[in-house]
Amino acid sequence: MSGLLIVTGGSRGIGAATALLAAERGWDVCVNYHRDRDAAEGVVAACRQRGASADAVRADVRVEADVVALFDTAVQRLGPLRGLVNNAGIVAPKASVADIDAERLRRVFEVDVVGAFLCAREAARRMGEGGAVVNVSSRAAVLGSPGEYVDYAAAKAAVDTLTIGLAKEVAGSGIRVNAVRPGLIETDIHASGGEPDRVRRLAPTVPMGRGGTAEEVAEAILWLLSPAASYVTGSFVDVSGGR
Ligand code: NAP
C-alpha cells in the first residue's frame, strides 16, 4: 500500500507499533502526538529507516483547530491522504459509575469520542480518491468494564457506532471505515489509568491466558487498511485472545 497514513497518538503503544508496521508495508506516515515530541520523533526516525517518508505533527485531538492543522500539515508535507488510524485515546483511573463526576466524563469523552469524530471528519473530507479509516475501539465497548471504567467503555461504544454510520455514509466515495477492538494489550495506558500491572492481573481471565502486544493489534489494523480487505467496511476485528 502507498500514500499518506495519519496515525493519531502515534508516539507510543499501539499507535507507534502501527506507524512502524505501516512504514514497512509501504505507507508514508504522519505520526501525531500530543505531549511527547521526543517519542514521536523516535518513531519517525524508525519509519524513515524502513524506507518511508515520515513526519511528526503535534495536535491535541480534542481541539478542532489542531485537528484541521494536523491534516493540512500532513497533506502539505507528505501528499494526498489515503489512510487514517484513529488511535489516540485515554482512560481515567479505576472507579465505579457511582463515583464518576462530570469533569472526568468530559475529559474521557473529549479525547475518545470528540477527537475520534473530528479526525474521522477530516479524513472523510479529504479522501477524494478513496481511502481507509481504522478506528481503534476496545473490547470494553462490548464488555462494559464494570468497576473499572464504564465511561471509557461507553466512549468506545460511540466509536463503534461512528464506525458503522460513517462506513455507510462514505462507502459510495470509495472510503472504507472499520475498527479494531483490542483486549488487554501491554502498553503504558494501564499505568496512566493508575494500574501498571493490570494486564498481568487480568491475564488469567483471557481464554488465551495472556495479554496481547501492540504489534499484534497493528497487524489487524494494517490488514484493514490494505487492499486485501477491499470488501470489508463497517466491520470489527477483535484482537483480544478470545476475551
Ligand atoms: P498509550 O500507550 O497510552 O498511548 C496513547 C497515545 O495517545 C499516545 O501517543 C498519546 O500521545 C496519545 N494521546 C493521548 N491524548 C491525546 C490527545 N488529546 N491528542 C492527541 N494524542 C493523544 O495507549 P495505547 O494502549 O497504545 O492505546 C491506543 C488506543 O488503543 C487507545 O484508543 C486505547 O483506548 C485503545 N485500546 C488500548 C488497549 C490496551 O489494553 N492498551 C485496549 C483496548 C483499546 P502523547 O504520548 O504525546 O501524550
# chains A, B, ... in the order shown; residues from 1 in each chain; ligands from 1
>>> select_by_dssp(residues="stretch 8-223 of chain A", states="helix (DSSP H, G or I)", output="PyMOL selection string")
chain A and resi 13-24+37-49+64-78+97-99+102-126+140-143+150-173+189-192+198-205+214-223
>>> residues_near_ligand(ligand="ligand 1", cutoff="6 Å", atoms="only C-alpha atoms and all ligand atoms", output="MDAnalysis selection string")
chainID A and resid 8:15 33:36 59:62 87:90 111 136:138 182:189
>>> write_last_selection(atoms="N, CA and C atoms", output="short mmCIF file (atom, residue, chain, number, x, y, z; two decimals), in the first residue's frame")
data_model
loop_
_atom_site.label_atom_id
_atom_site.label_comp_id
_atom_site.auth_asym_id
_atom_site.auth_seq_id
_atom_site.Cartn_x
_atom_site.Cartn_y
_atom_site.Cartn_z
N THR A 8 -3.06 8.86 14.67
CA THR A 8 -3.18 9.74 15.83
C THR A 8 -2.66 8.98 17.06
N GLY A 9 -2.05 9.73 17.98
CA GLY A 9 -1.45 9.06 19.14
C GLY A 9 -0.41 8.05 18.70
N GLY A 10 0.45 8.46 17.76
CA GLY A 10 1.43 7.53 17.19
C GLY A 10 2.76 7.53 17.92
N SER A 11 2.85 8.24 19.04
CA SER A 11 4.14 8.37 19.71
C SER A 11 4.52 7.15 20.54
N ARG A 12 3.54 6.33 20.90
CA ARG A 12 3.85 5.13 21.69
C ARG A 12 2.74 4.11 21.59
N GLY A 13 2.94 2.97 22.23
CA GLY A 13 1.90 1.95 22.32
C GLY A 13 1.44 1.44 20.95
N ILE A 14 0.13 1.24 20.84
CA ILE A 14 -0.46 0.67 19.62
C ILE A 14 -0.22 1.60 18.43
N GLY A 15 -0.29 2.91 18.64
CA GLY A 15 -0.08 3.86 17.55
C GLY A 15 1.33 3.77 17.00
N TYR A 33 1.20 13.32 17.72
CA TYR A 33 1.42 13.15 19.16
C TYR A 33 0.78 14.33 19.88
N HIS A 34 0.67 14.19 21.19
CA HIS A 34 0.08 15.26 21.99
C HIS A 34 1.15 15.98 22.80
N ARG A 35 1.86 15.22 23.65
CA ARG A 35 2.83 15.85 24.55
C ARG A 35 4.27 15.43 24.28
N ASP A 36 4.47 14.18 23.88
CA ASP A 36 5.81 13.61 23.91
C ASP A 36 6.48 13.69 22.53
N ALA A 59 -0.71 17.65 17.73
CA ALA A 59 -2.09 18.13 17.73
C ALA A 59 -2.81 17.47 18.90
N ASP A 60 -3.60 18.25 19.59
CA ASP A 60 -4.49 17.71 20.62
C ASP A 60 -5.80 17.38 19.91
N VAL A 61 -6.15 16.09 19.83
CA VAL A 61 -7.33 15.72 19.02
C VAL A 61 -8.64 16.29 19.57
N ARG A 62 -8.61 16.80 20.80
CA ARG A 62 -9.83 17.43 21.35
C ARG A 62 -10.09 18.78 20.72
N ASN A 87 -6.44 6.53 16.56
CA ASN A 87 -5.94 5.70 17.67
C ASN A 87 -5.82 6.43 19.01
N ALA A 88 -5.64 7.76 19.00
CA ALA A 88 -5.41 8.47 20.26
C ALA A 88 -6.54 8.18 21.23
N GLY A 89 -6.18 7.86 22.45
CA GLY A 89 -7.22 7.56 23.44
C GLY A 89 -6.67 7.58 24.85
N ILE A 90 -7.56 7.77 25.81
CA ILE A 90 -7.16 7.78 27.23
C ILE A 90 -8.15 6.98 28.06
N VAL A 111 -11.51 13.25 24.43
CA VAL A 111 -10.44 12.61 23.66
C VAL A 111 -11.00 11.45 22.84
N VAL A 136 -9.62 2.82 16.43
CA VAL A 136 -9.17 1.91 17.49
C VAL A 136 -10.16 2.01 18.64
N SER A 137 -11.07 1.03 18.65
CA SER A 137 -12.08 0.95 19.70
C SER A 137 -11.52 0.10 20.84
N SER A 138 -12.33 -0.72 21.44
CA SER A 138 -11.87 -1.58 22.54
C SER A 138 -12.91 -2.66 22.79
N PRO A 182 -9.19 -3.96 20.49
CA PRO A 182 -8.17 -4.67 21.26
C PRO A 182 -8.72 -5.07 22.63
N GLY A 183 -8.14 -6.16 23.15
CA GLY A 183 -8.45 -6.57 24.52
C GLY A 183 -7.39 -5.99 25.46
N LEU A 184 -6.76 -6.84 26.25
CA LEU A 184 -5.74 -6.38 27.20
C LEU A 184 -4.39 -6.36 26.50
N ILE A 185 -3.90 -5.18 26.21
CA ILE A 185 -2.65 -5.05 25.44
C ILE A 185 -1.59 -4.37 26.31
N GLU A 186 -0.38 -4.90 26.23
CA GLU A 186 0.74 -4.38 27.04
C GLU A 186 1.18 -3.01 26.52
N THR A 187 0.67 -1.94 27.10
CA THR A 187 1.13 -0.58 26.77
C THR A 187 1.10 0.26 28.05
N ASP A 188 1.52 1.53 27.90
CA ASP A 188 1.55 2.44 29.06
C ASP A 188 0.18 2.89 29.51
N ILE A 189 -0.87 2.58 28.74
CA ILE A 189 -2.19 3.13 29.07
C ILE A 189 -2.65 2.66 30.45
#
>>> closest_atom_pairs(of="stretch 44-99 of chain A", to="stretch 165-181 of chain A", cutoff="12 Å", atoms="only C-alpha atoms", output="tab-separated table")
residue	atom	partner	partner_atom	distance
A:Leu81	CA	A:Ile175	CA	11.3
A:Arg82	CA	A:Ile175	CA	9.0
A:Gly83	CA	A:Ile175	CA	9.3
A:Leu84	CA	A:Val177	CA	9.4
A:Val85	CA	A:Ala179	CA	9.2
A:Asn86	CA	A:Ala179	CA	9.0
A:Asn87	CA	A:Val180	CA	9.9
>>> write_last_selection(atoms="N, CA and C atoms", output="PDB file, in the first residue's frame")
ATOM      1  N   LEU A  81      -4.021  12.263   1.248  1.00  0.00           N
ATOM      2  CA  LEU A  81      -4.349  11.349   2.362  1.00  0.00           C
ATOM      3  C   LEU A  81      -5.043  10.094   1.842  1.00  0.00           C
ATOM      4  N   ARG A  82      -4.512   8.922   2.232  1.00  0.00           N
ATOM      5  CA  ARG A  82      -5.142   7.656   1.842  1.00  0.00           C
ATOM      6  C   ARG A  82      -5.584   6.828   3.039  1.00  0.00           C
ATOM      7  N   GLY A  83      -5.025   7.130   4.219  1.00  0.00           N
ATOM      8  CA  GLY A  83      -5.394   6.312   5.383  1.00  0.00           C
ATOM      9  C   GLY A  83      -5.368   7.102   6.679  1.00  0.00           C
ATOM     10  N   LEU A  84      -6.251   6.732   7.587  1.00  0.00           N
ATOM     11  CA  LEU A  84      -6.262   7.298   8.946  1.00  0.00           C
ATOM     12  C   LEU A  84      -6.401   6.158   9.948  1.00  0.00           C
ATOM     13  N   VAL A  85      -5.532   6.159  10.954  1.00  0.00           N
ATOM     14  CA  VAL A  85      -5.730   5.274  12.105  1.00  0.00           C
ATOM     15  C   VAL A  85      -6.082   6.178  13.279  1.00  0.00           C
ATOM     16  N   ASN A  86      -7.338   6.095  13.671  1.00  0.00           N
ATOM     17  CA  ASN A  86      -7.915   6.966  14.691  1.00  0.00           C
ATOM     18  C   ASN A  86      -7.647   6.299  16.032  1.00  0.00           C
ATOM     19  N   ASN A  87      -6.440   6.528  16.564  1.00  0.00           N
ATOM     20  CA  ASN A  87      -5.936   5.700  17.672  1.00  0.00           C
ATOM     21  C   ASN A  87      -5.822   6.429  19.010  1.00  0.00           C
TER      22      ASN A  87
END
>>> residues_around(residues="stretch 146-162 of chain A", least_positions_apart="6", cutoff="9 Å", atoms="only C-alpha atoms", output="MDAnalysis selection string")
chainID A and resid 90:97 100 104:105 108:109 112:113 116:117 120 135:140 178:179 181 234 236
>>> closest_residue(among="A:Ala132, A:Arg198, A:Ile164, A:Gly212", to="A:Ala228", atoms="only C-alpha atoms")
A:Ala132
>>> atom_distance(atom1="atom CA of A:Leu5", atom2="atom CA of A:Val75")
9.7 Å
>>> closest_atom_pairs(of="stretch 37-98 of chain A", to="stretch 18-28 of chain A", cutoff="12 Å", atoms="only C-alpha atoms", output="JSON lines")
{"residue": "A:Ala40", "atom": "CA", "partner": "A:Ala19", "partner_atom": "CA", "distance": 10.2}
{"residue": "A:Glu41", "atom": "CA", "partner": "A:Ala19", "partner_atom": "CA", "distance": 11.8}
{"residue": "A:Gly42", "atom": "CA", "partner": "A:Leu20", "partner_atom": "CA", "distance": 10.6}
{"residue": "A:Val43", "atom": "CA", "partner": "A:Leu20", "partner_atom": "CA", "distance": 7.1}
{"residue": "A:Val44", "atom": "CA", "partner": "A:Ala19", "partner_atom": "CA", "distance": 8.3}
{"residue": "A:Ala45", "atom": "CA", "partner": "A:Leu20", "partner_atom": "CA", "distance": 9.8}
{"residue": "A:Ala46", "atom": "CA", "partner": "A:Leu20", "partner_atom": "CA", "distance": 6.9}
{"residue": "A:Cys47", "atom": "CA", "partner": "A:Ala23", "partner_atom": "CA", "distance": 5.3}
{"residue": "A:Arg48", "atom": "CA", "partner": "A:Ala23", "partner_atom": "CA", "distance": 7.6}
{"residue": "A:Gln49", "atom": "CA", "partner": "A:Ala23", "partner_atom": "CA", "distance": 8.9}
{"residue": "A:Arg50", "atom": "CA", "partner": "A:Glu24", "partner_atom": "CA", "distance": 5.7}
{"residue": "A:Gly51", "atom": "CA", "partner": "A:Ala23", "partner_atom": "CA", "distance": 7.0}
{"residue": "A:Ala52", "atom": "CA", "partner": "A:Asp28", "partner_atom": "CA", "distance": 5.1}
{"residue": "A:Ser53", "atom": "CA", "partner": "A:Asp28", "partner_atom": "CA", "distance": 4.9}
{"residue": "A:Ala54", "atom": "CA", "partner": "A:Asp28", "partner_atom": "CA", "distance": 5.7}
{"residue": "A:Asp55", "atom": "CA", "partner": "A:Asp28", "partner_atom": "CA", "distance": 8.7}
{"residue": "A:Ala56", "atom": "CA", "partner": "A:Ala19", "partner_atom": "CA", "distance": 10.9}
{"residue": "A:Ala74", "atom": "CA", "partner": "A:Asp28", "partner_atom": "CA", "distance": 10.1}
{"residue": "A:Val75", "atom": "CA", "partner": "A:Asp28", "partner_atom": "CA", "distance": 10.7}
{"residue": "A:Arg77", "atom": "CA", "partner": "A:Asp28", "partner_atom": "CA", "distance": 10.3}
{"residue": "A:Leu78", "atom": "CA", "partner": "A:Asp28", "partner_atom": "CA", "distance": 7.0}
{"residue": "A:Gly79", "atom": "CA", "partner": "A:Asp28", "partner_atom": "CA", "distance": 8.8}
{"residue": "A:Pro80", "atom": "CA", "partner": "A:Asp28", "partner_atom": "CA", "distance": 10.3}
{"residue": "A:Leu81", "atom": "CA", "partner": "A:Asp28", "partner_atom": "CA", "distance": 9.7}
{"residue": "A:Arg82", "atom": "CA", "partner": "A:Trp27", "partner_atom": "CA", "distance": 9.1}
{"residue": "A:Gly83", "atom": "CA", "partner": "A:Trp27", "partner_atom": "CA", "distance": 8.9}
{"residue": "A:Leu84", "atom": "CA", "partner": "A:Ala19", "partner_atom": "CA", "distance": 10.8}
{"residue": "A:Val85", "atom": "CA", "partner": "A:Thr18", "partner_atom": "CA", "distance": 8.4}
{"residue": "A:Asn86", "atom": "CA", "partner": "A:Thr18", "partner_atom": "CA", "distance": 11.0}
{"residue": "A:Asn87", "atom": "CA", "partner": "A:Thr18", "partner_atom": "CA", "distance": 9.5}
>>> atom_distance(atom1="atom CA of A:Arg243", atom2="atom CA of A:Val206")
5.1 Å
>>> atom_distance(atom1="atom CA of A:Glu122", atom2="atom CA of A:Glu110")
16.5 Å
>>> closest_residue(among="A:Pro196, A:Ile221, A:Ala17, A:Asp101", to="A:Val31", atoms="only C-alpha atoms")
A:Ala17
>>> select_by_dssp(residues="stretch 3-243 of chain A", states="strand (DSSP E or B)", output="PyMOL selection string")
chain A and resi 4-7+28-33+54-58+81-86+131-136+175-182+185+212+236-239
>>> closest_residue(among="A:Gln76, A:Thr213, A:Met208, A:Ala218", to="A:Val7", atoms="only C-alpha atoms")
A:Ala218
